[in-house]
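What follows is one structure encoded as structure tokens, with my remarks underneath.
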Amino acid sequence: SLVYLNGDFVALEEARISPLDRGFTFGDGVYEVIPVYNRRVFRLKEHLERLENSLKLIYMRNPLPVEEWKRILDRLVTENAGDDQSIYLQVTRGVSPRDHVFNDEMQATVFIMTKPLEQPDNSAGSAAIVRPDIRWQWCHIKAITLLPSVLLRHEASLSGAREAILVNQGLVTEGAASNVFICESGKVLTPPKSRQLLPGITRDLVIELLQQNGIECSEYPVPETQLRSADEIWITSSTQEIVPITVLDGEMVGSGQPGPLWQHAARIYRDFKQEFSQH
Ligand code: PLP
């Protein structure tokens with residue numbers, strides 16, 4: 001497949017990065033994952049704004065103007081296989097001698113690839129485990145430094161679960177690679193934005209769509225006890241969309257089947273995507 005690396009469009013097999021890239025030595029960089037439907041980039045403005053914010057928080061200038069980002073993504077999406085794709089883009093602080101301290105002269109490394117995206121079928125429900133949130137204090141940055149998340153997802157997979165839902169000081173933050181929603185007495189709740197969680201693009205869209213469709217949804221702290229007694233639990237992310245969690249730490253969530261609010265939310269989300277990809 002065709003990828004973008006520092007100004008060039010090359011085959012993935014041809015792309016080369018220095019071992020002194022700070023992404024490799026320090027995990028010093030940020031990223032985005034953006035879905036593409038019918039060759040159109042979904043929620044592009046929101047993803048580029050979050051990228052801008054992640055860069056600012058790690059003291060980096062955005063290496064490219066918005067128009068250039070759009071031009072590059074358009075070319076990759078046009079030339080690569082699949083009407084539906086998932087874009088992975090990563091910006092690191094670039095190549096430097098291995099020294100924690102950085103300066104303003106460094107030339108960012110920009111790498112972008114895409115792969116075909118299968119539409120998820122979430123109707124069977126999935127399992128999750130609950131774990132202490134062992135990550136750092138700045139989870140609102142979409143940093144490439146993902147070792148804690150890798151270990152948490154590994155633990156989940158060893159338990160036959162799809163995701164680890166994380167708890168910090170008694171409160172649910174998010175999943176290792178997703179945001180979390182719960183349903184209780186017909187209402188939907190999700191933890192408010194903070195430095196403890198990534199402001200998910202899907203999360204924001206789900207809140208917006210639920211409210212537009214008359215389903216009560218609010219941003220409110222969710223204690224672990226409330227998670228465990230919820231009627232429904234969902235996790236959201238760009239590529240997984242809305243996933244009903246039907247088993248939590250081996251116990252059934254509600255009836256053990258995807259719930260009615262999930263059915264409704266999934267329908268609304270599907271219609272919104274469909275509308276988007278037809279224009
Ligand atoms: N939280 C974390 C830690 C993530 O890694 C992700 C994305 O994979 C999300 C939340 C969901 O974000 P988005 O909806 O923007 O994909």
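So you can find residues: chains in the structure tokens are A, B, ... in the order shown, residues in each start at 1, and ligands are numbered from 1 in order.
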
Residue set, region 13-191 of chain A restricted to strand (DSSP E or B), as an NGL selection string: :A and (21 or 29-37 or 40-41 or 85-92 or 95 or 109-116 or 126-132 or 143 or 163-168 or 171-175 or 178-184 or 187-190)

Site check for ligand 1: residues at most 10 Å away, only C-alpha atoms and all ligand atoms, as JSON, numbers by chain: {"A": [31, 32, 33, 34, 35, 43, 46, 47, 50, 135, 139, 140, 141, 142, 143, 144, 146, 149, 166, 173, 174, 175, 176, 177, 178, 179, 180, 196, 197, 198, 199, 200, 201, 202, 203, 204, 205, 206, 235, 236, 237, 238, 239, 240, 241, 242]}

Residue among A:Arg270, A:Arg39, A:Arg162, A:His264 lying closest to Gly125 (chain A), counting only C-alpha atoms: A:Arg162

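If only C-alpha atoms are the atoms counted, then among A:Leu209, A:Leu158, A:Met252, A:Val30 the closest residue to Tyr88 (chain A) is A:Val30.
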
From A:Asp231, A:Asp104, A:Glu155, A:Glu224, residue lying nearest Val188 (chain A) [only C-alpha atoms]: A:Asp231

Fewer than 6 positions away in the same chain doesn't count, so skip those; otherwise give me all residues within 12 Å of Val110 (chain A), counting only C-alpha atoms, as a tab-separated table (two decimals) with N, CA and C atoms, in the first residue's frame.
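And here's result-v6.tsv as it stands now:
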```tsv
chain	number	residue	atom	x	y	z
A	3	VAL	N	2.07	4.81	1.32
A	3	VAL	CA	2.12	5.54	2.59
A	3	VAL	C	2.77	6.92	2.36
A	4	TYR	N	2.60	7.79	3.33
A	4	TYR	CA	3.24	9.10	3.28
A	4	TYR	C	4.30	9.16	4.37
A	5	LEU	N	5.50	9.56	3.99
A	5	LEU	CA	6.56	9.73	5.00
A	5	LEU	C	7.36	10.99	4.67
A	6	ASN	N	7.23	11.99	5.52
A	6	ASN	CA	8.03	13.22	5.41
A	6	ASN	C	8.07	13.81	4.00
A	7	GLY	N	6.92	14.00	3.41
A	7	GLY	CA	6.87	14.68	2.11
A	7	GLY	C	6.81	13.75	0.92
A	8	ASP	N	7.11	12.46	1.13
A	8	ASP	CA	7.11	11.52	0.00
A	8	ASP	C	5.96	10.51	0.10
A	9	PHE	N	5.45	10.14	-1.05
A	9	PHE	CA	4.50	9.02	-1.15
A	9	PHE	C	5.27	7.81	-1.65
A	15	ALA	N	9.37	2.45	2.91
A	15	ALA	CA	9.46	3.53	3.91
A	15	ALA	C	10.53	3.19	4.94
A	16	ARG	N	11.41	4.16	5.25
A	16	ARG	CA	12.51	3.94	6.20
A	16	ARG	C	12.56	5.08	7.21
A	17	ILE	N	12.74	4.71	8.47
A	17	ILE	CA	12.85	5.70	9.54
A	17	ILE	C	14.10	5.40	10.35
A	21	ASP	N	15.01	8.06	15.57
A	21	ASP	CA	13.75	8.81	15.64
A	21	ASP	C	13.24	8.76	17.08
A	23	GLY	N	10.39	8.88	18.17
A	23	GLY	CA	9.25	7.97	18.32
A	23	GLY	C	9.73	6.60	18.75
A	29	GLY	N	5.83	11.21	20.63
A	29	GLY	CA	5.00	11.61	19.50
A	29	GLY	C	3.53	11.38	19.78
A	30	VAL	N	2.71	11.76	18.83
A	30	VAL	CA	1.25	11.64	18.96
A	30	VAL	C	0.68	11.04	17.68
A	31	TYR	N	-0.58	10.60	17.75
A	31	TYR	CA	-1.17	9.94	16.58
A	31	TYR	C	-2.67	10.17	16.50
A	32	GLU	N	-3.23	9.74	15.38
A	32	GLU	CA	-4.68	9.72	15.18
A	32	GLU	C	-5.04	8.48	14.40
A	62	ASN	N	2.35	22.23	14.74
A	62	ASN	CA	1.80	21.35	13.72
A	62	ASN	C	2.69	21.45	12.49
A	63	PRO	N	3.29	20.32	12.05
A	63	PRO	CA	4.24	20.39	10.94
A	63	PRO	C	3.59	20.74	9.60
A	64	LEU	N	2.26	20.58	9.48
A	64	LEU	CA	1.59	20.82	8.19
A	64	LEU	C	0.34	21.68	8.39
A	69	TRP	N	-2.67	18.62	5.12
A	69	TRP	CA	-3.16	17.36	5.71
A	69	TRP	C	-4.26	16.78	4.83
A	72	ILE	N	-2.95	15.39	1.45
A	72	ILE	CA	-2.23	14.12	1.62
A	72	ILE	C	-3.21	12.97	1.89
A	88	TYR	N	-4.07	5.64	9.74
A	88	TYR	CA	-3.23	5.80	10.92
A	88	TYR	C	-2.23	6.90	10.60
A	89	LEU	N	-2.20	7.95	11.40
A	89	LEU	CA	-1.18	8.98	11.18
A	89	LEU	C	-0.44	9.24	12.48
A	90	GLN	N	0.85	9.45	12.33
A	90	GLN	CA	1.71	9.62	13.51
A	90	GLN	C	2.69	10.75	13.27
A	91	VAL	N	2.84	11.60	14.28
A	91	VAL	CA	3.82	12.69	14.21
A	91	VAL	C	4.77	12.53	15.39
A	92	THR	N	6.06	12.40	15.12
A	92	THR	CA	7.01	12.34	16.23
A	92	THR	C	7.89	13.59	16.21
A	93	ARG	N	8.65	13.77	17.28
A	93	ARG	CA	9.48	14.97	17.39
A	93	ARG	C	10.71	14.89	16.47
A	94	GLY	N	10.84	13.77	15.76
A	94	GLY	CA	11.89	13.67	14.76
A	94	GLY	C	13.14	12.98	15.26
A	95	VAL	N	14.20	13.09	14.45
A	95	VAL	CA	15.45	12.37	14.71
A	95	VAL	C	16.39	13.29	15.49
```

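Taking CA of Leu48 (chain A) as the reference point, CA of Glu67 (chain A) is found at 10.7 Å.
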